[in-house]
Structure formats: structure tokens, C-alpha cells
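Working notes for the structure below.
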There are 2 protein chains.
Amino acid sequence: MTSVKSHISISLDGFVAGPNQSLENPIGEGGMRLHEWAFETDSWREQHGIEGGDPGVDAEVADEVVQGIGAYIMGRNMFGGGHGPWDESWRGWWGEDPPFHTPVFVLTHHPREPLAMQGDTTFTFVTDGIESALAKAREVAGDKRIGLMGANLDQQFLAAGLVDEIRIHLINVLLGGGRRLFDQLPERTELEQTGLSQTDGVTHLEYRVVR
Amino acid sequence: MTSVKSHISISLDGFVAGPNQSLENPIGEGGMRLHEWAFETDSWREQHGIEGGDPGVDAEVADEVVQGIGAYIMGRNMFGGGHGPWDESWRGWWGEDPPFHTPVFVLTHHPREPLAMQGDTTFTFVTDGIESALAKAREVAGDKRIGLMGANLDQQFLAAGLVDEIRIHLINVLLGGGRRLFDQLPERTELEQTGLSQTDGVTHLEYRVVR
């Protein structure tokens with residue numbers, strides 16, 4: 001079966017966002033610290049249409065976010081455009097040629113017609129929950145992976161036992177508070193470690209859920 | 001200044017003990033899973049007076065708990081004997097020749113005369129808090145490290161900003177609940193990674209607190 005993969009940066013004390021999250025600072029105080037490792041990589045920059053950057057281990061890891069993926073499921077915050085009914089002039093954070101090049105299923109409470117972008121990326125808006133989004137993603141992913149995008153989404157999929165692979169970027173910082181990735185999961189879950197690498201400021205860990 | 005080192009096993013979701021801790025099961029459901037990596041090592045077995053066991057990376061890591069340490073600070077639960085005033089016939093979980101071979105300062109609310117054991121281990125009972133225990137440990141540790149023993153103690157020292165080195169054994173399991181190691185620390189803390197190794201079921205991480 002198609003593997004569902006979560007890909008997320010956390011602090012050593014387990015937070016995906018720092019304390020005092022707000023509309024102005026959605027990832028909280030110090031939260032950007034969790035993502036700095038990617039910003040200077042050539043692959044992250046290429047994904048985001050920015051020139052330059054460095055190759056190396058971090059770049060290879062950042063590249064995994066878009067390699068070998070047949071479909072994505074994305075939380076609404078990752079697509080952007082605020083809360084409530086859609087302003088359809090908003091076409092996502094990702095530009096007219098998003099880095100995905102696959103179907104992307106955006107979880108939202110508010111219906112919207114699909115958006116076809118350049119480079120084979122399509123955004124389809126799913127209003128009936130994660131199981132429905134997963135079924136739709138499985139239909140199109142073939143034998144490739146399904147990528148999850150967004151901490152909120154990762155939490156929902158983890159709580160439902162629907163994640164097959166967990167890629168953690170463990171950042172050398174204790175944020176002291178904020179929003180946790182792993183919080184009150186319903187059952188004990190054994191993991192098999194499938195990857196490990198380390199660079200300046202981050203340890204990249206990869207696990208497969210043992211079922 | 002003498003370095004204060006914490007040395008602790010946690011699940012990937014950050015727990016030092018599983019859910020439903022009780023007197024009968026003080027490390028909670030699944031909590032023993034966090035310590036299994038050490039039990040088959042020759043060094044852990046030697047520390048606990050058990051024959052056999054295997055050498056290797058895990059054994060080297062387990063050996064660090066007692067190498068290069070000039071003094072320990074230990075929570076009462078690590079010394080044992082229950083709660084409340086002491087039954088002085090209780091001389092600790094560690095046998096008559098404990099593995100420490102240094103002064104050990106046991107934090108407790110209940111006074112007790114020091115205990116001199118075989119092999120240069122002495123247990124001194126400290127009733128006036130972690131700062132006092134740390135001052136006493138510094139007096140005797142020389143240029144060696146001070147080792148912290150016990151999750152409760154680690155949390156108190158972390159919250160007070162008194163830990164210099166953090167040795168994490170990250171176990172390939174999501175316990176789903178229980179007692180966290182890192183919980184609401186008072187401030188953001190940058191770390192420098194000083195060690196990384198992986199064996200079957202565990203990733204050993206080492207950090208130095210950047211001040």
C-alpha cells in the first residue's frame with residue numbers, strides 16, 4: 001500500500017512551534033529557528049523559486065519533501081489565505097508553478113473548486129476530513145508516497161494511526177514551550193529506524209511505523 | 001567549572017515514563033521499554049553486579065554513566081526505600097558495593113546520617129534542595145563531571161538552568177502518554193551537538209548547553 005510520510009522539524013523538547021503563537025507570528029516565538037536548516041539549501045531554494053543555496057546532507061533531506069511523492073495532503077494553513085470562506089483570488093503561498101507537480105489535497109471546512117496550476121500541480125479542496133483526503137490521495141499516488149504537509153495535519157494523522165513513515169528534523173534547541181508534535185497519541189507505537197544523519201544544528205531521523 | 005551532566009532515556013514522543021504510573025509500576029505502562037537497550041550491555045551488567053552481556057556502542061554509552069564522574073546527585077526514588085521518614089535498614093537499590101565509587105548526594109525531605117559503602121561510594125542525604133546538593137557535589141568533584149540520576153531530578157535541574165550536558169537516549173517508540181522529560185522550561189536554550197550514535201532501537205544524542 002502507498003506509504004504515508006510525515007516530514008517535520010521539532011525542537012529537542014518536542015515543539016513544532018514556539019510559545020505565544022498569534023496571527024502575526026503563527027509559528028510562535030523562536031519557531032522559525034526550527035526551519036533555518038532548510039533555508040540555505042539549494043533544494044529548498046529551488047522548491048521556492050529562490051536562486052543559490054548549498055548542496056549537501058541538509059539539501060538532500062530537504063529534497064525528499066518533493067521527491068518520490070505521488071500526492072500531498074496539506075492543512076489549510078500550509079495553503080494560506082486565512083480562515084473562513086475562500087477569497088478565490090488567493091491561489092496559495094506557492095506561486096503559479098508550485099514545487100509539487102502532483103495532485104495536492106487541501107483540508108478545509110470551506111468548499112472551493114479545484115485549482116490547476118502550472119507544472120501539473122493541482123489543488124483539490126477536501127471538506128469531509130482526513131480519511132476522505134487520504135482515500136483521494138491513494139487513488140492518484142500510484143506506488144509513490146503520500147506526503148503530509150503541516151504540523152496540525154501530522155497530528156491528526158498520527159492520532160488516527162495513519163502515518164507509515166516519520167521523518168523528524170530534530171533541532172538543537174529547547175524552545176521551552178509552544179505547540180507539541182506528539183501529544184497524547186492513543187496507543188503505544190513501535191518504530192523501526194530507517195535513517196540518521198546529522199549536520200550543523202540538526203539531526204535528521206527517519207522511522208517506519210511497525211504494525 | 002565542573003560540568004553537570006544529565007543522562008536519560010526518552011521515547012520519541014518525549015516521555016521518561018509511560019502512562020498510568022503507580023506505586024506498583026513506577027515507570028508506567030511501557031516505561032521499561034525505554035531502558036531495555038542497556039540491560040544486555042556488559043557495562044550496565046557490570047555496574048549492577050550481573051554477569052555477561054555484550055560489548056559495543058550501547059555498552060560504551062552505558063559505561064559513560066559511571067566514567068569520568070566525580071560526584072552524583074540522585075533523586076530519592078533512585079535510592080529507593082519508599083516515601084516519608086527513613087527505615088534505616090534500607091541501604092539503597094545498589095547493593096553493598098554500589099557502582100559509583102564516588103560521593104553520591106541523595107535529595108530527600110527526610111534527614112539521615114551519611115552511609116559509607118564499599119568501594120568508596122558514600123551516600124550523603126541532602127534536605128535543603130538542588131542548589132545545596134550541587135554546591136556539595138562541586139566541592140568534591142574536582143575537575144570531573146557531576147552526574148544527575150533520575151528524571152525528576154533532571155527536570156528540576158533543567159528548569160533551574162543548571163544542566164551543562166544532556167545525554168539523550170532516544171528510543172524508537174511512541175509511548176502515547178506518561179511523564180515528559182522536557183516540560184515548560186522557563187526559557188529558550190540553544191544546544192551544541194557533541195555526540196551521535198545509533199544502534200538497534202535507540203539513537204544516542206549528546207548536547208552541550210550554549211550559555
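Letters A, B, ... mark the chains of the C-alpha cells in the order given; residue numbers begin at 1 per chain; ligand numbers begin at 1, in order shown.
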
Using only C-alpha atoms, which residues sit within 10 Å of Phe105 of chain A once same-chain residues fewer than 5 positions away are excluded, as a list in words?
-> Ala71, Tyr72, Ile73, Met74, Gly75, Arg76, Pro114, Thr122, Phe123, Thr124, Phe125, Val126, Thr127, Ile130, Ser132, Ala133, Leu134, Lys136, Ala137 and Leu148 of chain A

Keeping N, CA, C and O atoms, export the residues of the selection given above as a compact mmCIF listing (two decimals), in the first residue's frame.
# COMPACT_ATOMS: atom_id res chain seq x y z
N ALA A 71 1.35 12.24 -4.31
CA ALA A 71 0.26 13.16 -3.94
C ALA A 71 0.59 13.72 -2.57
O ALA A 71 1.28 13.08 -1.77
N TYR A 72 0.10 14.92 -2.31
CA TYR A 72 0.24 15.54 -0.99
C TYR A 72 -1.12 15.74 -0.36
O TYR A 72 -2.13 15.92 -1.05
N ILE A 73 -1.10 15.74 0.97
CA ILE A 73 -2.24 16.24 1.73
C ILE A 73 -1.71 17.39 2.58
O ILE A 73 -0.65 17.27 3.21
N MET A 74 -2.42 18.48 2.54
CA MET A 74 -1.92 19.72 3.11
C MET A 74 -3.00 20.33 4.00
O MET A 74 -4.18 20.31 3.65
N GLY A 75 -2.59 20.83 5.18
CA GLY A 75 -3.52 21.59 6.00
C GLY A 75 -3.80 22.95 5.37
O GLY A 75 -3.00 23.46 4.58
N ARG A 76 -4.93 23.54 5.75
CA ARG A 76 -5.27 24.83 5.15
C ARG A 76 -4.21 25.89 5.43
O ARG A 76 -3.92 26.73 4.56
N PRO A 114 -11.54 23.01 -7.63
CA PRO A 114 -10.10 22.70 -7.79
C PRO A 114 -9.38 23.79 -8.57
O PRO A 114 -9.98 24.49 -9.40
N THR A 122 -2.07 20.31 -9.04
CA THR A 122 -3.48 20.70 -8.87
C THR A 122 -3.81 20.72 -7.39
O THR A 122 -3.37 19.84 -6.64
N PHE A 123 -4.54 21.73 -6.98
CA PHE A 123 -5.03 21.80 -5.61
C PHE A 123 -6.51 21.41 -5.60
O PHE A 123 -7.31 22.04 -6.29
N THR A 124 -6.82 20.38 -4.82
CA THR A 124 -8.21 19.94 -4.67
C THR A 124 -8.60 20.15 -3.21
O THR A 124 -7.86 19.74 -2.31
N PHE A 125 -9.73 20.78 -2.99
CA PHE A 125 -10.13 21.17 -1.62
C PHE A 125 -11.09 20.13 -1.07
O PHE A 125 -12.11 19.82 -1.70
N VAL A 126 -10.72 19.57 0.09
CA VAL A 126 -11.45 18.44 0.67
C VAL A 126 -12.09 18.91 1.97
O VAL A 126 -11.40 19.40 2.87
N THR A 127 -13.40 18.76 2.05
CA THR A 127 -14.12 19.28 3.22
C THR A 127 -14.66 18.18 4.13
O THR A 127 -15.28 18.48 5.15
N ILE A 130 -9.92 13.81 7.10
CA ILE A 130 -8.64 13.24 6.70
C ILE A 130 -8.79 11.89 6.01
O ILE A 130 -8.03 11.58 5.09
N SER A 132 -11.15 10.90 4.06
CA SER A 132 -11.55 11.16 2.69
C SER A 132 -10.37 11.68 1.86
O SER A 132 -10.15 11.25 0.72
N ALA A 133 -9.61 12.60 2.44
CA ALA A 133 -8.44 13.13 1.73
C ALA A 133 -7.45 12.01 1.43
O ALA A 133 -6.88 11.94 0.34
N LEU A 134 -7.27 11.11 2.41
CA LEU A 134 -6.33 10.00 2.21
C LEU A 134 -6.82 9.08 1.09
O LEU A 134 -6.04 8.64 0.23
N LYS A 136 -8.66 9.85 -1.46
CA LYS A 136 -8.45 10.54 -2.74
C LYS A 136 -6.97 10.53 -3.14
O LYS A 136 -6.62 10.35 -4.31
N ALA A 137 -6.09 10.73 -2.16
CA ALA A 137 -4.66 10.73 -2.45
C ALA A 137 -4.20 9.34 -2.89
O ALA A 137 -3.40 9.20 -3.81
N LEU A 148 2.62 14.33 3.78
CA LEU A 148 1.79 15.19 4.63
C LEU A 148 2.50 16.53 4.83
O LEU A 148 3.70 16.56 5.07

Using only C-alpha atoms, find each residue of chain B with at least one atom at most 7 Å away from an atom of chain A; report its shortest atom-to-atom pair and that distance in Å (one decimal), sort the rows by chain and rising residue number, and return the result as CSV.
residue,atom,partner,partner_atom,distance
B:Asp13,CA,A:Phe182,CA,5.3
B:Gly14,CA,A:Gly14,CA,6.7
B:Asn172,CA,A:Leu191,CA,5.0
B:Val173,CA,A:Glu190,CA,4.6
B:Leu174,CA,A:Thr189,CA,5.0
B:Leu175,CA,A:Arg188,CA,4.5
B:Gly176,CA,A:Leu185,CA,4.3
B:Gly177,CA,A:Gln184,CA,5.3
B:Phe182,CA,A:Asp13,CA,5.3
B:Gln184,CA,A:Gly176,CA,5.2
B:Leu185,CA,A:Gly176,CA,4.3
B:Pro186,CA,A:Gly176,CA,5.9
B:Glu187,CA,A:Gly176,CA,5.4
B:Arg188,CA,A:Leu175,CA,4.5
B:Thr189,CA,A:Leu174,CA,5.0
B:Glu190,CA,A:Val173,CA,4.5
B:Leu191,CA,A:Asn172,CA,5.0
B:Glu192,CA,A:Asn172,CA,6.5
B:Gln193,CA,A:Asn172,CA,6.8
B:Gly201,CA,A:Gln193,CA,7.0

For N, CA and C atoms, I'd like the residues from the last selection saved as a PDB file, in the first residue's frame.
ATOM      1  N   ASP B  13       8.322  10.430  21.491  1.00  0.00           N
ATOM      2  CA  ASP B  13       7.346  11.462  21.863  1.00  0.00           C
ATOM      3  C   ASP B  13       7.655  12.115  23.210  1.00  0.00           C
ATOM      4  N   GLY B  14       8.850  11.884  23.738  1.00  0.00           N
ATOM      5  CA  GLY B  14       9.348  12.730  24.819  1.00  0.00           C
ATOM      6  C   GLY B  14       9.079  12.287  26.239  1.00  0.00           C
ATOM      7  N   ASN B 172      13.124   4.148  19.976  1.00  0.00           N
ATOM      8  CA  ASN B 172      12.239   4.004  18.811  1.00  0.00           C
ATOM      9  C   ASN B 172      10.841   3.550  19.207  1.00  0.00           C
ATOM     10  N   VAL B 173      10.176   4.367  19.969  1.00  0.00           N
ATOM     11  CA  VAL B 173       8.804   4.037  20.345  1.00  0.00           C
ATOM     12  C   VAL B 173       8.059   5.334  20.645  1.00  0.00           C
ATOM     13  N   LEU B 174       6.783   5.350  20.334  1.00  0.00           N
ATOM     14  CA  LEU B 174       5.884   6.422  20.774  1.00  0.00           C
ATOM     15  C   LEU B 174       5.058   5.844  21.923  1.00  0.00           C
ATOM     16  N   LEU B 175       5.288   6.319  23.144  1.00  0.00           N
ATOM     17  CA  LEU B 175       4.551   5.758  24.287  1.00  0.00           C
ATOM     18  C   LEU B 175       3.119   6.267  24.348  1.00  0.00           C
ATOM     19  N   GLY B 176       2.867   7.445  23.765  1.00  0.00           N
ATOM     20  CA  GLY B 176       1.495   7.941  23.693  1.00  0.00           C
ATOM     21  C   GLY B 176       1.050   8.743  24.907  1.00  0.00           C
ATOM     22  N   GLY B 177       1.793   8.641  25.994  1.00  0.00           N
ATOM     23  CA  GLY B 177       1.431   9.382  27.193  1.00  0.00           C
ATOM     24  C   GLY B 177       2.421   9.058  28.284  1.00  0.00           C
ATOM     25  N   PHE B 182      11.020  16.970  29.072  1.00  0.00           N
ATOM     26  CA  PHE B 182      11.097  18.416  28.838  1.00  0.00           C
ATOM     27  C   PHE B 182       9.697  18.993  28.904  1.00  0.00           C
ATOM     28  N   GLN B 184       7.753  22.628  29.761  1.00  0.00           N
ATOM     29  CA  GLN B 184       7.624  24.024  30.200  1.00  0.00           C
ATOM     30  C   GLN B 184       8.892  24.541  30.859  1.00  0.00           C
ATOM     31  N   LEU B 185       9.991  24.414  30.145  1.00  0.00           N
ATOM     32  CA  LEU B 185      11.224  25.025  30.626  1.00  0.00           C
ATOM     33  C   LEU B 185      11.073  26.547  30.561  1.00  0.00           C
ATOM     34  N   PRO B 186      11.743  27.269  31.434  1.00  0.00           N
ATOM     35  CA  PRO B 186      11.463  28.705  31.546  1.00  0.00           C
ATOM     36  C   PRO B 186      11.997  29.544  30.393  1.00  0.00           C
ATOM     37  N   GLU B 187      12.933  29.043  29.636  1.00  0.00           N
ATOM     38  CA  GLU B 187      13.481  29.901  28.568  1.00  0.00           C
ATOM     39  C   GLU B 187      14.030  29.071  27.422  1.00  0.00           C
ATOM     40  N   ARG B 188      14.166  29.738  26.281  1.00  0.00           N
ATOM     41  CA  ARG B 188      14.745  29.092  25.120  1.00  0.00           C
ATOM     42  C   ARG B 188      16.230  28.825  25.367  1.00  0.00           C
ATOM     43  N   THR B 189      16.701  27.654  24.986  1.00  0.00           N
ATOM     44  CA  THR B 189      18.082  27.271  25.252  1.00  0.00           C
ATOM     45  C   THR B 189      18.697  26.687  23.997  1.00  0.00           C
ATOM     46  N   GLU B 190      19.773  27.295  23.530  1.00  0.00           N
ATOM     47  CA  GLU B 190      20.483  26.751  22.371  1.00  0.00           C
ATOM     48  C   GLU B 190      21.419  25.633  22.813  1.00  0.00           C
ATOM     49  N   LEU B 191      21.555  24.632  21.939  1.00  0.00           N
ATOM     50  CA  LEU B 191      22.384  23.475  22.239  1.00  0.00           C
ATOM     51  C   LEU B 191      23.422  23.286  21.145  1.00  0.00           C
ATOM     52  N   GLU B 192      24.567  22.756  21.551  1.00  0.00           N
ATOM     53  CA  GLU B 192      25.573  22.339  20.584  1.00  0.00           C
ATOM     54  C   GLU B 192      25.630  20.824  20.627  1.00  0.00           C
ATOM     55  N   GLN B 193      25.520  20.193  19.458  1.00  0.00           N
ATOM     56  CA  GLN B 193      25.531  18.728  19.459  1.00  0.00           C
ATOM     57  C   GLN B 193      26.963  18.235  19.540  1.00  0.00           C
ATOM     58  N   GLY B 201      17.302   0.173  17.744  1.00  0.00           N
ATOM     59  CA  GLY B 201      16.218   0.616  18.624  1.00  0.00           C
ATOM     60  C   GLY B 201      16.463   1.897  19.390  1.00  0.00           C
TER      61      GLY B 201
END

Could you check which of A:Leu153, A:Leu170, A:Ile10, A:Val66 is closest to Gly31 of chain A, using only C-alpha atoms?
-> A:Ile10

Using backbone DSSP assignments, extract all alpha helix (DSSP H) residues from chain A; output them as number ranges by chain.
-> A: 36-39, 42-47, 57-64, 76-79, 130-141, 151-159

Here atom CA of Gln21 of chain B and atom CA of Gly84 of chain B stand apart by 19.0 Å

DSSP says strand (DSSP E or B) for which residues of segment 13-195 of chain A? Put them as a PyMOL selection string?
-> chain A and resi 15-17+41+54+69-75+103-107+115-116+122-126+145-149+165-171+173-174+179-180+189-195

Which polymer residues have any atom within 12 Å of an atom of Gly53 of chain A, counting only C-alpha atoms, with same-chain residues fewer than 3 positions away left out, as a PDB file with N, CA and C atoms, in the first residue's frame?
ATOM      1  N   TRP A  37      17.490  25.400   9.113  1.00  0.00           N
ATOM      2  CA  TRP A  37      18.396  24.439   8.476  1.00  0.00           C
ATOM      3  C   TRP A  37      18.109  24.299   6.987  1.00  0.00           C
ATOM      4  N   ALA A  38      16.841  24.491   6.578  1.00  0.00           N
ATOM      5  CA  ALA A  38      16.478  24.273   5.174  1.00  0.00           C
ATOM      6  C   ALA A  38      16.763  25.503   4.299  1.00  0.00           C
ATOM      7  N   PHE A  39      16.702  26.683   4.888  1.00  0.00           N
ATOM      8  CA  PHE A  39      16.672  27.907   4.072  1.00  0.00           C
ATOM      9  C   PHE A  39      17.918  28.119   3.219  1.00  0.00           C
ATOM     10  N   GLU A  40      19.051  27.597   3.672  1.00  0.00           N
ATOM     11  CA  GLU A  40      20.281  27.820   2.906  1.00  0.00           C
ATOM     12  C   GLU A  40      20.590  26.664   1.950  1.00  0.00           C
ATOM     13  N   THR A  41      19.696  25.691   1.881  1.00  0.00           N
ATOM     14  CA  THR A  41      19.963  24.566   0.978  1.00  0.00           C
ATOM     15  C   THR A  41      19.522  24.915  -0.441  1.00  0.00           C
ATOM     16  N   ASP A  42      20.244  24.367  -1.408  1.00  0.00           N
ATOM     17  CA  ASP A  42      19.889  24.648  -2.809  1.00  0.00           C
ATOM     18  C   ASP A  42      18.535  24.031  -3.169  1.00  0.00           C
ATOM     19  N   SER A  43      18.211  22.873  -2.564  1.00  0.00           N
ATOM     20  CA  SER A  43      16.963  22.213  -2.947  1.00  0.00           C
ATOM     21  C   SER A  43      15.745  22.963  -2.412  1.00  0.00           C
ATOM     22  N   TRP A  44      15.799  23.426  -1.167  1.00  0.00           N
ATOM     23  CA  TRP A  44      14.676  24.201  -0.622  1.00  0.00           C
ATOM     24  C   TRP A  44      14.498  25.481  -1.440  1.00  0.00           C
ATOM     25  N   ARG A  45      15.610  26.108  -1.773  1.00  0.00           N
ATOM     26  CA  ARG A  45      15.523  27.350  -2.543  1.00  0.00           C
ATOM     27  C   ARG A  45      14.933  27.095  -3.932  1.00  0.00           C
ATOM     28  N   GLU A  46      15.346  26.000  -4.547  1.00  0.00           N
ATOM     29  CA  GLU A  46      14.791  25.677  -5.856  1.00  0.00           C
ATOM     30  C   GLU A  46      13.284  25.446  -5.748  1.00  0.00           C
ATOM     31  N   GLN A  47      12.868  24.723  -4.687  1.00  0.00           N
ATOM     32  CA  GLN A  47      11.432  24.483  -4.491  1.00  0.00           C
ATOM     33  C   GLN A  47      10.653  25.779  -4.359  1.00  0.00           C
ATOM     34  N   HIS A  48      11.294  26.791  -3.793  1.00  0.00           N
ATOM     35  CA  HIS A  48      10.607  28.048  -3.517  1.00  0.00           C
ATOM     36  C   HIS A  48      10.966  29.152  -4.504  1.00  0.00           C
ATOM     37  N   GLY A  49      11.637  28.758  -5.611  1.00  0.00           N
ATOM     38  CA  GLY A  49      11.926  29.735  -6.661  1.00  0.00           C
ATOM     39  C   GLY A  49      12.949  30.786  -6.280  1.00  0.00           C
ATOM     40  N   ILE A  50      13.874  30.393  -5.382  1.00  0.00           N
ATOM     41  CA  ILE A  50      14.932  31.326  -4.967  1.00  0.00           C
ATOM     42  C   ILE A  50      16.257  30.779  -5.468  1.00  0.00           C
ATOM     43  N   GLY A  56      24.517  19.353  -0.219  1.00  0.00           N
ATOM     44  CA  GLY A  56      24.973  18.640   0.980  1.00  0.00           C
ATOM     45  C   GLY A  56      23.846  17.849   1.622  1.00  0.00           C
ATOM     46  N   ASP A  58      21.860  18.395   4.253  1.00  0.00           N
ATOM     47  CA  ASP A  58      20.592  19.095   4.505  1.00  0.00           C
ATOM     48  C   ASP A  58      19.809  19.276   3.204  1.00  0.00           C
ATOM     49  N   ALA A  59      20.526  19.565   2.127  1.00  0.00           N
ATOM     50  CA  ALA A  59      19.857  19.754   0.835  1.00  0.00           C
ATOM     51  C   ALA A  59      19.206  18.450   0.366  1.00  0.00           C
ATOM     52  N   ALA A  62      16.099  17.984   2.430  1.00  0.00           N
ATOM     53  CA  ALA A  62      15.037  18.916   2.021  1.00  0.00           C
ATOM     54  C   ALA A  62      14.439  18.494   0.675  1.00  0.00           C
TER      55      ALA A  62
END
